[in-house]
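*Asks:* Provided below: target32.pdb, containing PDB, C-alpha atoms and all ligand atoms.
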```
ATOM      1  CA  MET M   1      30.938   6.911 -12.253
ATOM      2  CA  HIS M   2      31.326   3.498 -13.891
ATOM      3  CA  GLY M   3      32.739   0.048 -13.337
ATOM      4  CA  ARG M   4      33.378  -2.925 -15.588
ATOM      5  CA  VAL M   5      32.021  -6.409 -15.025
ATOM      6  CA  ALA M   6      34.815  -8.542 -13.527
ATOM      7  CA  ARG M   7      32.641 -11.653 -13.156
ATOM      8  CA  THR M   8      29.073 -12.806 -12.679
ATOM      9  CA  GLU M   9      27.590 -15.617 -10.643
ATOM     10  CA  ARG M  10      24.152 -17.227 -10.727
ATOM     11  CA  LEU M  11      23.273 -17.256  -7.030
ATOM     12  CA  THR M  12      19.825 -18.819  -7.517
ATOM     13  CA  PRO M  13      17.530 -19.356 -10.524
ATOM     14  CA  GLY M  14      16.217 -15.851  -9.827
ATOM     15  CA  MET M  15      19.294 -13.914  -8.824
ATOM     16  CA  VAL M  16      22.514 -12.921 -10.585
ATOM     17  CA  ARG M  17      25.516 -11.471  -8.780
ATOM     18  CA  VAL M  18      27.552  -8.938 -10.745
ATOM     19  CA  VAL M  19      30.999  -7.937  -9.474
ATOM     20  CA  LEU M  20      32.359  -4.672 -10.874
ATOM     21  CA  SER M  21      35.942  -3.474 -10.862
ATOM     22  CA  GLY M  22      38.103  -0.992 -12.806
ATOM     23  CA  GLY M  23      36.494   2.052 -14.404
ATOM     24  CA  ASP M  24      36.610   4.842 -11.873
ATOM     25  CA  LEU M  25      35.823   2.711  -8.840
ATOM     26  CA  ASP M  26      39.040   4.057  -7.307
ATOM     27  CA  HIS M  27      37.003   7.191  -6.547
ATOM     28  CA  LEU M  28      34.025   5.419  -5.007
ATOM     29  CA  VAL M  29      33.135   6.611  -1.515
ATOM     30  CA  MET M  30      30.916   4.253   0.482
ATOM     31  CA  PRO M  31      28.464   5.808   2.953
ATOM     32  CA  ASP M  32      28.250   4.308   6.431
ATOM     33  CA  ALA M  33      25.099   2.307   5.635
ATOM     34  CA  THR M  34      24.139  -1.313   5.055
ATOM     35  CA  ASP M  35      21.378  -0.330   2.609
ATOM     36  CA  ALA M  36      23.628   1.791   0.363
ATOM     37  CA  TYR M  37      22.425   1.829  -3.230
ATOM     38  CA  VAL M  38      23.605   3.045  -6.607
ATOM     39  CA  ASN M  39      21.408   4.635  -9.241
ATOM     40  CA  VAL M  40      22.323   2.715 -12.387
ATOM     41  CA  ALA M  41      21.921   4.205 -15.876
ATOM     42  CA  PHE M  42      21.300   1.783 -18.757
ATOM     43  CA  ARG M  43      22.047   3.154 -22.221
ATOM     44  CA  PRO M  44      19.272   2.256 -24.699
ATOM     45  CA  ALA M  45      20.195   0.165 -27.754
ATOM     46  CA  GLY M  46      21.359   2.311 -30.664
ATOM     47  CA  ALA M  47      22.175   5.338 -28.480
ATOM     48  CA  SER M  48      24.479   7.875 -30.132
ATOM     49  CA  TYR M  49      26.747   8.308 -27.117
ATOM     50  CA  ASP M  50      29.628   6.272 -25.729
ATOM     51  CA  GLU M  51      29.183   3.317 -23.319
ATOM     52  CA  VAL M  52      30.881   5.430 -20.639
ATOM     53  CA  PHE M  53      28.764   8.542 -20.181
ATOM     54  CA  GLU M  54      27.646  11.144 -17.685
ATOM     55  CA  PRO M  55      23.858  10.694 -17.177
ATOM     56  CA  THR M  56      23.170  14.412 -16.587
ATOM     57  CA  ASP M  57      25.158  15.446 -19.699
ATOM     58  CA  VAL M  58      23.235  12.922 -21.801
ATOM     59  CA  ARG M  59      19.913  14.327 -20.632
ATOM     60  CA  GLU M  60      20.963  17.804 -21.684
ATOM     61  CA  ALA M  61      22.464  16.810 -25.022
ATOM     62  CA  THR M  62      20.194  14.100 -26.426
ATOM     63  CA  PRO M  63      16.469  13.630 -27.173
ATOM     64  CA  ARG M  64      14.389  11.871 -24.503
ATOM     65  CA  GLU M  65      14.302   8.513 -26.340
ATOM     66  CA  GLU M  66      18.089   8.309 -25.933
ATOM     67  CA  TRP M  67      18.070   8.956 -22.201
ATOM     68  CA  PRO M  68      19.307   6.072 -20.096
ATOM     69  CA  ALA M  69      16.849   3.969 -18.058
ATOM     70  CA  ARG M  70      17.488   4.517 -14.341
ATOM     71  CA  ARG M  71      17.261   1.721 -11.746
ATOM     72  CA  ARG M  72      18.405   1.496  -8.127
ATOM     73  CA  TYR M  73      20.503  -1.411  -6.848
ATOM     74  CA  THR M  74      21.828  -2.070  -3.377
ATOM     75  CA  VAL M  75      25.545  -2.393  -2.786
ATOM     76  CA  ARG M  76      25.713  -5.974  -1.540
ATOM     77  CA  SER M  77      29.363  -5.422  -0.683
ATOM     78  CA  TRP M  78      32.275  -3.128  -1.364
ATOM     79  CA  ASP M  79      35.805  -4.448  -1.064
ATOM     80  CA  ALA M  80      37.880  -1.317  -0.586
ATOM     81  CA  THR M  81      41.144  -3.242  -0.817
ATOM     82  CA  VAL M  82      40.643  -4.595  -4.322
ATOM     83  CA  ARG M  83      38.079  -1.884  -5.247
ATOM     84  CA  GLU M  84      35.330  -4.383  -6.158
ATOM     85  CA  LEU M  85      31.638  -3.505  -5.993
ATOM     86  CA  THR M  86      29.104  -6.334  -5.774
ATOM     87  CA  LEU M  87      25.455  -5.969  -6.804
ATOM     88  CA  ASP M  88      22.825  -8.743  -6.709
ATOM     89  CA  PHE M  89      20.116  -8.463  -9.379
ATOM     90  CA  VAL M  90      16.739 -10.185  -9.199
ATOM     91  CA  VAL M  91      16.239 -11.666 -12.666
ATOM     92  CA  HIS M  92      12.468 -11.815 -12.778
ATOM     93  CA  ALA M  93      10.310 -13.443 -15.421
ATOM     94  CA  ASP M  94       8.828 -10.088 -16.429
ATOM     95  CA  GLU M  95      10.711  -8.147 -19.038
ATOM     96  CA  GLY M  96      12.918  -5.478 -17.420
ATOM     97  CA  VAL M  97      15.897  -3.419 -18.587
ATOM     98  CA  ALA M  98      17.988  -4.164 -15.513
ATOM     99  CA  SER M  99      16.989  -7.800 -15.181
ATOM    100  CA  ARG M 100      17.827  -8.412 -18.855
ATOM    101  CA  TRP M 101      21.153  -6.580 -18.525
ATOM    102  CA  ALA M 102      22.207  -8.711 -15.556
ATOM    103  CA  LEU M 103      21.225 -11.939 -17.308
ATOM    104  CA  ASN M 104      23.428 -11.060 -20.283
ATOM    105  CA  ALA M 105      26.288  -9.327 -18.445
ATOM    106  CA  GLY M 106      29.771 -10.521 -19.371
ATOM    107  CA  ALA M 107      33.340  -9.656 -18.391
ATOM    108  CA  GLY M 108      34.335  -6.153 -19.514
ATOM    109  CA  ASP M 109      30.771  -4.786 -19.844
ATOM    110  CA  VAL M 110      30.384  -1.248 -18.540
ATOM    111  CA  LEU M 111      27.884  -0.260 -15.851
ATOM    112  CA  VAL M 112      27.313   3.477 -15.338
ATOM    113  CA  PHE M 113      25.844   4.706 -12.058
ATOM    114  CA  THR M 114      25.630   7.560  -9.589
ATOM    115  CA  GLY M 115      26.016   7.179  -5.828
ATOM    116  CA  PRO M 116      26.199   5.225  -3.629
ATOM    117  CA  SER M 117      24.007   6.717  -0.935
ATOM    118  CA  GLY M 118      22.020   5.143   1.885
ATOM    119  CA  GLY M 119      20.619   5.711   5.336
ATOM    120  CA  TYR M 120      20.254   2.546   7.410
ATOM    121  CA  ARG M 121      22.627   0.641   9.623
ATOM    122  CA  PRO M 122      21.318  -1.605  12.415
ATOM    123  CA  ASP M 123      21.185   0.398  15.633
ATOM    124  CA  PRO M 124      23.305  -1.417  18.253
ATOM    125  CA  ALA M 125      21.102   0.111  20.984
ATOM    126  CA  ALA M 126      17.944  -1.656  19.697
ATOM    127  CA  HIS M 127      16.292  -4.300  21.921
ATOM    128  CA  TRP M 128      16.253  -6.577  18.895
ATOM    129  CA  HIS M 129      15.993  -6.305  15.118
ATOM    130  CA  LEU M 130      13.290  -7.278  12.655
ATOM    131  CA  MET M 131      14.199  -7.546   8.956
ATOM    132  CA  VAL M 132      11.488  -8.243   6.410
ATOM    133  CA  GLY M 133      11.503  -8.276   2.632
ATOM    134  CA  ASP M 134      11.613 -10.041  -0.712
ATOM    135  CA  GLU M 135      14.529 -10.813  -3.034
ATOM    136  CA  SER M 136      15.022  -7.136  -3.916
ATOM    137  CA  ALA M 137      15.721  -6.393  -0.231
ATOM    138  CA  LEU M 138      17.908  -9.451   0.223
ATOM    139  CA  PRO M 139      21.206  -7.651  -0.569
ATOM    140  CA  ALA M 140      20.473  -4.986   2.063
ATOM    141  CA  ILE M 141      19.263  -7.542   4.611
ATOM    142  CA  ALA M 142      22.299  -9.775   3.987
ATOM    143  CA  ALA M 143      24.657  -6.812   4.457
ATOM    144  CA  SER M 144      22.764  -5.714   7.587
ATOM    145  CA  LEU M 145      22.927  -9.200   9.121
ATOM    146  CA  GLU M 146      26.689  -9.264   8.627
ATOM    147  CA  ALA M 147      26.972  -5.911  10.438
ATOM    148  CA  LEU M 148      25.288  -7.118  13.662
ATOM    149  CA  ALA M 149      27.276  -7.949  16.775
ATOM    150  CA  SER M 150      27.309 -11.378  18.429
ATOM    151  CA  ASP M 151      25.187 -10.173  21.358
ATOM    152  CA  GLU M 152      22.378  -8.880  19.118
ATOM    153  CA  ARG M 153      19.160 -10.690  18.207
ATOM    154  CA  VAL M 154      17.302 -10.555  14.911
ATOM    155  CA  ALA M 155      14.158 -12.050  13.384
ATOM    156  CA  VAL M 156      14.237 -12.274   9.588
ATOM    157  CA  ARG M 157      11.240 -13.024   7.378
ATOM    158  CA  LEU M 158      11.933 -13.334   3.657
ATOM    159  CA  VAL M 159       9.698 -14.260   0.775
ATOM    160  CA  CYS M 160      10.899 -16.076  -2.346
ATOM    161  CA  ASP M 161       9.611 -18.484  -5.012
ATOM    162  CA  GLY M 162      10.824 -21.745  -3.423
ATOM    163  CA  PRO M 163      13.692 -23.520  -1.611
ATOM    164  CA  GLU M 164      16.021 -23.229  -4.628
ATOM    165  CA  HIS M 165      15.698 -19.422  -4.359
ATOM    166  CA  GLU M 166      16.971 -19.267  -0.789
ATOM    167  CA  ILE M 167      20.427 -17.884  -0.140
ATOM    168  CA  ASP M 168      22.827 -18.685   2.692
ATOM    169  CA  LEU M 169      22.928 -15.759   5.084
ATOM    170  CA  ALA M 170      25.756 -15.196   7.539
ATOM    171  CA  SER M 171      25.613 -13.227  10.783
ATOM    172  CA  PRO M 172      27.443 -13.233  14.100
ATOM    173  CA  ALA M 173      24.083 -12.440  15.783
ATOM    174  CA  ASP M 174      21.395 -14.732  17.179
ATOM    175  CA  VAL M 175      19.212 -15.167  14.067
ATOM    176  CA  ASP M 176      15.622 -16.436  13.846
ATOM    177  CA  LEU M 177      15.228 -16.834  10.070
ATOM    178  CA  ALA M 178      12.190 -18.066   8.140
ATOM    179  CA  TRP M 179      11.784 -18.228   4.357
ATOM    180  CA  LEU M 180       8.235 -17.998   3.022
ATOM    181  CA  HIS M 181       7.481 -19.571  -0.347
ATOM    182  CA  ARG M 182       5.073 -17.999  -2.813
ATOM    183  CA  HIS M 183       2.113 -20.032  -4.073
ATOM    184  CA  GLY M 184       1.847 -18.108  -7.333
ATOM    185  CA  ASP M 185      -1.560 -16.627  -6.534
ATOM    186  CA  GLU M 186      -3.129 -13.734  -4.606
ATOM    187  CA  ARG M 187      -2.148 -15.269  -1.226
ATOM    188  CA  ASP M 188       1.448 -14.218  -1.947
ATOM    189  CA  GLU M 189       0.781 -10.558  -1.190
ATOM    190  CA  SER M 190      -0.009 -11.268   2.460
ATOM    191  CA  LEU M 191       2.719 -13.843   3.213
ATOM    192  CA  LEU M 192       5.064 -11.329   4.827
ATOM    193  CA  VAL M 193       2.462  -9.541   6.920
ATOM    194  CA  ALA M 194       1.037 -12.868   8.148
ATOM    195  CA  ALA M 195       4.534 -14.013   9.164
ATOM    196  CA  VAL M 196       5.151 -10.808  11.106
ATOM    197  CA  GLN M 197       1.711 -11.010  12.738
ATOM    198  CA  ALA M 198       2.626 -14.494  13.950
ATOM    199  CA  LEU M 199       5.846 -13.339  15.630
ATOM    200  CA  ASP M 200       6.069 -13.200  19.392
ATOM    201  CA  PHE M 201       7.649  -9.825  20.191
ATOM    202  CA  GLY M 202       8.287 -10.828  23.789
ATOM    203  CA  GLY M 203       7.146  -7.493  25.192
ATOM    204  CA  THR M 204       9.770  -5.311  23.524
ATOM    205  CA  ALA M 205       9.629  -3.391  20.259
ATOM    206  CA  PRO M 206      12.283  -4.121  17.631
ATOM    207  CA  SER M 207      14.074  -1.796  15.284
ATOM    208  CA  GLY M 208      12.663  -2.680  11.866
ATOM    209  CA  PHE M 209      13.987  -2.827   8.304
ATOM    210  CA  VAL M 210      11.111  -3.541   5.903
ATOM    211  CA  HIS M 211      11.644  -3.163   2.147
ATOM    212  CA  GLY M 212      10.406  -4.785  -1.035
ATOM    213  CA  GLU M 213       7.215  -4.822  -3.100
ATOM    214  CA  ALA M 214       5.114  -1.738  -2.364
ATOM    215  CA  ASP M 215       1.789  -3.258  -1.299
ATOM    216  CA  GLU M 216       3.433  -6.057   0.669
ATOM    217  CA  ILE M 217       5.625  -3.803   2.751
ATOM    218  CA  ARG M 218       2.805  -1.295   3.244
ATOM    219  CA  GLY M 219       0.783  -3.966   5.033
ATOM    220  CA  VAL M 220       3.736  -4.880   7.247
ATOM    221  CA  ARG M 221       4.370  -1.228   8.058
ATOM    222  CA  ARG M 222       0.743  -0.655   9.048
ATOM    223  CA  HIS M 223       0.774  -3.713  11.300
ATOM    224  CA  LEU M 224       4.011  -2.694  13.018
ATOM    225  CA  LEU M 225       2.948   0.888  13.668
ATOM    226  CA  GLU M 226      -0.737   0.379  14.466
ATOM    227  CA  GLU M 227      -0.832  -2.984  16.198
ATOM    228  CA  ARG M 228       2.663  -3.439  17.588
ATOM    229  CA  GLY M 229       3.273   0.141  18.661
ATOM    230  CA  LEU M 230       6.582   0.575  16.852
ATOM    231  CA  ALA M 231       7.755   4.187  16.730
ATOM    232  CA  ARG M 232       8.269   5.547  13.225
ATOM    233  CA  ARG M 233      11.852   6.442  14.032
ATOM    234  CA  ASP M 234      12.511   2.749  14.711
ATOM    235  CA  LEU M 235      11.307   1.652  11.290
ATOM    236  CA  SER M 236      13.169   1.880   7.983
ATOM    237  CA  CYS M 237      10.532   1.131   5.377
ATOM    238  CA  SER M 238      10.362   1.928   1.682
ATOM    239  CA  PRO M 239       8.764   0.383  -1.396
ATOM    240  CA  TYR M 240      11.539  -0.790  -3.756
ATOM    241  CA  TRP M 241       9.264  -1.783  -6.648
ATOM    242  CA  ARG M 242       5.598  -2.189  -7.538
ATOM    243  CA  ARG M 243       3.928  -5.283  -8.945
ATOM    244  CA  THR M 244       2.794  -4.888 -12.606
ATOM    245  CA  MET M 245       4.658  -1.570 -13.047
ATOM    246  CA  THR M 246       7.971  -0.807 -14.682
ATOM    247  CA  ASP M 247      10.213   1.415 -12.597
ATOM    248  CA  GLU M 248       9.378   4.355 -14.906
ATOM    249  CA  ALA M 249       5.634   3.922 -14.290
ATOM    250  CA  TRP M 250       6.227   3.384 -10.568
ATOM    251  CA  ARG M 251       8.396   6.493 -10.173
ATOM    252  CA  ARG M 252       5.614   8.606 -11.721
ATOM    253  CA  ILE M 253       3.267   7.764  -8.810
ATOM    254  CA  LYS M 254       5.734   6.801  -6.092
ATOM    255  CA  ARG M 255       5.759  10.175  -4.346
ATOM    256  CA  GLU M 256       1.959  10.153  -4.011
ATOM    257  CA  TYR M 257       1.933   6.499  -2.928
ATOM    258  CA  VAL M 258       4.573   7.088  -0.253
ATOM    259  CA  ALA M 259       2.738  10.197   1.009
ATOM    260  CA  ALA M 260      -0.473   8.152   1.402
ATOM    261  CA  MET M 261       1.482   5.366   3.102
ATOM    262  CA  GLU M 262       3.180   7.831   5.453
ATOM    263  CA  ALA M 263      -0.200   9.326   6.343
ATOM    264  CA  GLU M 264      -1.281   5.959   7.746
ATOM    265  CA  ALA M 265      -0.702   5.319  11.424
ATOM    266  CA  ILE M 266       0.004   9.036  11.774
ATOM    267  CA  ALA M 267      -0.463   8.951  15.538
ATOM    268  CA  SER M 268       2.597   6.770  16.070
TER     269      SER M 268
HETATM  270  C1  LIG M 301      16.848   1.772  -2.919
HETATM  271  C2  LIG M 301      16.535   0.554  -3.778
HETATM  272  C3  LIG M 301      17.386  -0.533  -3.757
HETATM  273  C4  LIG M 301      17.106  -1.663  -4.547
HETATM  274  N1  LIG M 301      17.976  -2.723  -4.520
HETATM  275  C5  LIG M 301      17.760  -3.797  -5.319
HETATM  276  C6  LIG M 301      18.693  -4.882  -5.360
HETATM  277  O1  LIG M 301      19.737  -4.863  -4.711
HETATM  278  N2  LIG M 301      18.407  -5.925  -6.173
HETATM  279  C7  LIG M 301      17.269  -5.956  -6.949
HETATM  280  O2  LIG M 301      17.067  -6.951  -7.683
HETATM  281  N3  LIG M 301      16.372  -4.958  -6.921
HETATM  282  C8  LIG M 301      16.600  -3.872  -6.145
HETATM  283  N4  LIG M 301      15.710  -2.832  -6.143
HETATM  284  C9  LIG M 301      14.484  -2.957  -6.942
HETATM  285  C10 LIG M 301      14.731  -2.679  -8.433
HETATM  286  O3  LIG M 301      15.243  -1.366  -8.601
HETATM  287  C11 LIG M 301      13.367  -2.831  -9.152
HETATM  288  O4  LIG M 301      12.881  -4.127  -8.954
HETATM  289  C12 LIG M 301      13.415  -2.502 -10.634
HETATM  290  O5  LIG M 301      12.078  -2.268 -11.049
HETATM  291  C13 LIG M 301      13.982  -3.607 -11.510
HETATM  292  O6  LIG M 301      14.090  -3.113 -12.828
HETATM  293  P1  LIG M 301      13.866  -3.979 -14.151
HETATM  294  O7  LIG M 301      14.358  -3.128 -15.269
HETATM  295  O8  LIG M 301      14.444  -5.336 -13.991
HETATM  296  O9  LIG M 301      12.284  -4.134 -14.250
HETATM  297  P2  LIG M 301      11.217  -3.012 -14.649
HETATM  298  O10 LIG M 301      11.385  -2.609 -16.076
HETATM  299  O11 LIG M 301      11.255  -1.899 -13.635
HETATM  300  O12 LIG M 301       9.839  -3.795 -14.485
HETATM  301  C14 LIG M 301       9.385  -4.765 -15.449
HETATM  302  C15 LIG M 301       8.346  -5.690 -14.777
HETATM  303  O13 LIG M 301       9.015  -6.481 -13.785
HETATM  304  C16 LIG M 301       8.385  -6.359 -12.516
HETATM  305  N5  LIG M 301       9.431  -6.397 -11.464
HETATM  306  C17 LIG M 301      10.298  -5.425 -11.116
HETATM  307  N6  LIG M 301      11.082  -5.821 -10.101
HETATM  308  C18 LIG M 301      10.692  -7.074  -9.779
HETATM  309  C19 LIG M 301      11.107  -8.014  -8.793
HETATM  310  N7  LIG M 301      12.098  -7.737  -7.893
HETATM  311  N8  LIG M 301      10.481  -9.212  -8.755
HETATM  312  C20 LIG M 301       9.480  -9.524  -9.624
HETATM  313  N9  LIG M 301       9.042  -8.670 -10.577
HETATM  314  C21 LIG M 301       9.643  -7.457 -10.655
HETATM  315  C22 LIG M 301       7.662  -5.008 -12.569
HETATM  316  O14 LIG M 301       6.564  -4.957 -11.677
HETATM  317  C23 LIG M 301       7.240  -4.933 -14.027
HETATM  318  O15 LIG M 301       6.031  -5.636 -14.206
HETATM  319  C24 LIG M 301      15.951  -1.702  -5.362
HETATM  320  C25 LIG M 301      15.101  -0.579  -5.391
HETATM  321  C26 LIG M 301      15.388   0.523  -4.608
HETATM  322  C27 LIG M 301      14.453   1.722  -4.651
END
```
Translate the structure of the given file into structure tokens.
Ligand SMILES: Cc1cc2nc3c(=O)[nH]c(=O)nc-3n(C[C@H](O)[C@H](O)[C@H](O)COP(=O)(O)OP(=O)(O)OC[C@H]3O[C@@H](n4cnc5c(N)ncnc54)[C@H](O)[C@@H]3O)c2cc1C

*Replies:*
Amino acid sequence: MHGRVARTERLTPGMVRVVLSGGDLDHLVMPDATDAYVNVAFRPAGASYDEVFEPTDVREATPREEWPARRRYTVRSWDATVRELTLDFVVHADEGVASRWALNAGAGDVLVFTGPSGGYRPDPAAHWHLMVGDESALPAIAASLEALASDERVAVRLVCDGPEHEIDLASPADVDLAWLHRHGDERDESLLVAAVQALDFGGTAPSGFVHGEADEIRGVRRHLLEERGLARRDLSCSPYWRRTMTDEAWRRIKREYVAAMEAEAIAS
């Protein structure tokens, strides 16, 4: 599947919105999820195949160095009427295939992907909701906030580099939102867990959505399961990326990392 860049927008110094249209978006089927994501395929420079390609065919027909780089991106929104798909890319200071692509994206550029698929939608039966993450989880959290009803309650804790990196979030629900700003040192890794530790749960357990940098969200997960008594079924938690690792390096160890993470707080 592919779309073409209709327009881009610099949401913050660290985030670029890319709106896709055309291509074969007419055939896109959105799952019933607010964390739906696409698996994007970036063609390497100098590749021998066309800009519109089928990732599995390319893997069969070309040597490994020509295979596309794969990255996952959340569907921030899908407008089924005009068939427009919106993705928000963190453009981080570290070199990255996807980050670089988004920074340079211009009208007409092709983006190839598979999906979307996804699994989370805020449960309307929850006592209240807790959403925690960094910029990479912001598209899913923003979409989830929009999907809440006016009689629902949510606490949101988000980490970013500073006030200019904050994004306006809309929700019909009763929202307790706090942005945490990184210091640029080792304290950053515990900002999210400290913010969740400081929350008054008021005697009821929330339904949680916790996604972002692997080690940061692992600490939050442990706290929620071990110290706050959250049931695993009430927690959507996955590491979206890993500090100091490219996605290729991360995917090589991700299964093992997630298994070790899942083995924690096994009693809950
Ligand atoms: C299901 C799912 C949904 C996701 N949705 C989104 C989304 O909507 N928007 C989004 O921006 N990301 C999202 N991500 C995360 C994104 O796929 C990764 O951050 C990816 O590594 C970025 O690729 P890259 O080519 O830019 O950098 P890479 O080549 O993978 O990495 C290069 C360097 O940049 C660092 N890096 C990677 N990501 C970040 C970051 N977010 N902040 C700071 N440094 C980073 C790496 O640690 C590495 O040192 C999602 C991930 C998953 C699994």

*Asks:* For M:Glu213, find every residue with an atom within 8 Å (counting all atoms listed in the file), except residues of its own chain fewer than 5 positions away, and show them as a PDB file with C-alpha atoms, keeping the file's coordinate frame.

*Replies:*
```
ATOM      1  CA  GLY M 133      11.503  -8.276   2.632  1.00  0.00           C
ATOM      2  CA  ASP M 134      11.613 -10.041  -0.712  1.00  0.00           C
ATOM      3  CA  PRO M 239       8.764   0.383  -1.396  1.00  0.00           C
ATOM      4  CA  TYR M 240      11.539  -0.790  -3.756  1.00  0.00           C
ATOM      5  CA  TRP M 241       9.264  -1.783  -6.648  1.00  0.00           C
ATOM      6  CA  ARG M 242       5.598  -2.189  -7.538  1.00  0.00           C
ATOM      7  CA  ARG M 243       3.928  -5.283  -8.945  1.00  0.00           C
TER       8      ARG M 243
END
```

*Asks:* Hey, which of M:Ala149, M:Ala260, M:Ala69, M:Ala47 ends up closest to ligand LIG 301 (chain M)? Count all atoms listed in the file.

*Replies:*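 Of all the options, M:Ala69 lies closest to ligand LIG 301 (chain M).
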
*Asks:* Just want the residues within 8 Å of ligand LIG 301 (chain M), written as JSON, numbers by chain, counting all atoms listed in the file.

*Replies:* {"M": [15, 35, 36, 37, 38, 71, 72, 73, 74, 75, 76, 87, 88, 89, 90, 91, 92, 93, 94, 95, 96, 97, 98, 99, 100, 118, 134, 135, 136, 137, 138, 139, 140, 212, 213, 238, 239, 240, 241, 242, 243, 244, 245, 246, 247, 248, 250]}

*Asks:* Do you know which residues the PyMOL selection byres (((chain M and resi 223) around 12) and not hetatm) returns on this file, as a ChimeraX atom specification?

*Replies:* /M:190,192-199,208,210,216-222,224-231,235,264-265,268

*Asks:* Set the distance at 10 Å and use all atoms listed in the file: which residues neighbour stretch 160-169 of chain M once local chain neighbours fewer than 4 positions away are removed? I'd like the list as a ChimeraX atom specification.

*Replies:* /M:11-15,133-136,138,141-143,145-146,175,177,179-184,188

*Asks:* Kindly export the residues of the current selection with C-alpha atoms, as a PDB file, in the coordinates of the input.

*Replies:*
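Final file, result22.pdb:
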```
ATOM      1  CA  LEU M  11      23.273 -17.256  -7.030  1.00  0.00           C
ATOM      2  CA  THR M  12      19.825 -18.819  -7.517  1.00  0.00           C
ATOM      3  CA  PRO M  13      17.530 -19.356 -10.524  1.00  0.00           C
ATOM      4  CA  GLY M  14      16.217 -15.851  -9.827  1.00  0.00           C
ATOM      5  CA  MET M  15      19.294 -13.914  -8.824  1.00  0.00           C
ATOM      6  CA  GLY M 133      11.503  -8.276   2.632  1.00  0.00           C
ATOM      7  CA  ASP M 134      11.613 -10.041  -0.712  1.00  0.00           C
ATOM      8  CA  GLU M 135      14.529 -10.813  -3.034  1.00  0.00           C
ATOM      9  CA  SER M 136      15.022  -7.136  -3.916  1.00  0.00           C
ATOM     10  CA  LEU M 138      17.908  -9.451   0.223  1.00  0.00           C
ATOM     11  CA  ILE M 141      19.263  -7.542   4.611  1.00  0.00           C
ATOM     12  CA  ALA M 142      22.299  -9.775   3.987  1.00  0.00           C
ATOM     13  CA  ALA M 143      24.657  -6.812   4.457  1.00  0.00           C
ATOM     14  CA  LEU M 145      22.927  -9.200   9.121  1.00  0.00           C
ATOM     15  CA  GLU M 146      26.689  -9.264   8.627  1.00  0.00           C
ATOM     16  CA  VAL M 175      19.212 -15.167  14.067  1.00  0.00           C
ATOM     17  CA  LEU M 177      15.228 -16.834  10.070  1.00  0.00           C
ATOM     18  CA  TRP M 179      11.784 -18.228   4.357  1.00  0.00           C
ATOM     19  CA  LEU M 180       8.235 -17.998   3.022  1.00  0.00           C
ATOM     20  CA  HIS M 181       7.481 -19.571  -0.347  1.00  0.00           C
ATOM     21  CA  ARG M 182       5.073 -17.999  -2.813  1.00  0.00           C
ATOM     22  CA  HIS M 183       2.113 -20.032  -4.073  1.00  0.00           C
ATOM     23  CA  GLY M 184       1.847 -18.108  -7.333  1.00  0.00           C
ATOM     24  CA  ASP M 188       1.448 -14.218  -1.947  1.00  0.00           C
TER      25      ASP M 188
END
```

*Asks:* State, in Å with one decimal place, the distance from atom CA of M:Glu262 to atom CA of M:His129.

*Replies:*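 Interatomic distance, atom CA of M:Glu262 to atom CA of M:His129: 21.4 Å.
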
*Asks:* Take the PyMOL selection byres (((chain M and resi 83) around 9) and not hetatm), run it mentally on this structure, and tell me the resulting residues as a short mmCIF file (atom, residue, chain, number, x, y, z; two decimals) with C-alpha atoms, in the frame of the given file.

*Replies:*
```cif
data_model
loop_
_atom_site.label_atom_id
_atom_site.label_comp_id
_atom_site.auth_asym_id
_atom_site.auth_seq_id
_atom_site.Cartn_x
_atom_site.Cartn_y
_atom_site.Cartn_z
CA LEU M 20 32.36 -4.67 -10.87
CA SER M 21 35.94 -3.47 -10.86
CA GLY M 22 38.10 -0.99 -12.81
CA LEU M 25 35.82 2.71 -8.84
CA ASP M 26 39.04 4.06 -7.31
CA LEU M 28 34.02 5.42 -5.01
CA TRP M 78 32.28 -3.13 -1.36
CA ASP M 79 35.80 -4.45 -1.06
CA ALA M 80 37.88 -1.32 -0.59
CA THR M 81 41.14 -3.24 -0.82
CA VAL M 82 40.64 -4.60 -4.32
CA GLU M 84 35.33 -4.38 -6.16
CA LEU M 85 31.64 -3.50 -5.99
#
```

*Asks:* Calculate how many Å separate atom CA of M:Asp234 from atom CA of M:Pro31, rounding to one decimal.

*Replies:*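 Between atom CA of M:Asp234 and atom CA of M:Pro31 the gap is 20.1 Å.
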
*Asks:* Expanded to explicit residues, what is the PyMOL selection byres (((chain M and resi 56) around 12) and not hetatm) for this file, as a VMD selection string?

*Replies:* chain M and resid 1 41 53 to 55 57 to 62 67 to 68 70 112 to 114

*Asks:* Of the candidates M:Ala170, M:Leu191, M:Ala155, M:Ala105, which one gets nearest to M:Arg7 if we count all atoms listed in the file?

*Replies:*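 Of M:Ala170, M:Leu191, M:Ala155, M:Ala105, the one nearest M:Arg7 is M:Ala105, counting all atoms listed in the file.
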
*Asks:* Tell me, in Å to one decimal, how far atom CA of M:Tyr120 is from atom CA of M:Ala33.

*Replies:*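 Separation between atom CA of M:Tyr120 and atom CA of M:Ala33: 5.2 Å.
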
*Asks:* Go through M:Ser236, M:Ser171, M:Thr86, M:Thr204 one by one, measure the shortest atom-to-atom distance of each to M:Asp123 using all atoms listed in the file, and give the residue with the smallest value.

*Replies:*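 Among the listed residues, M:Ser236 lies closest to M:Asp123.
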
*Asks:* With stretch 2-5 of chain M as the partner and 6 Å as the cut-off, tabulate the residues of stretch 22-124 of chain M that qualify, each row holding the nearest pair of atoms and their distance in Å to one decimal, using all atoms listed in the file, sorted by chain and rising number, as a Markdown table.

*Replies:*
```
| residue | atom | partner | partner_atom | distance |
| --- | --- | --- | --- | --- |
| M:Gly22 | CA | M:Gly3 | CA | 5.5 |
| M:Gly23 | CA | M:Gly3 | CA | 4.4 |
| M:Asp24 | CA | M:His2 | CA | 5.8 |
| M:Ala107 | CA | M:Val5 | CA | 4.9 |
| M:Gly108 | CA | M:Val5 | CA | 5.1 |
| M:Asp109 | CA | M:Val5 | CA | 5.2 |
| M:Val110 | CA | M:Arg4 | CA | 4.5 |
| M:Leu111 | CA | M:His2 | CA | 5.5 |
| M:Val112 | CA | M:His2 | CA | 4.3 |
| M:Phe113 | CA | M:His2 | CA | 5.9 |
```
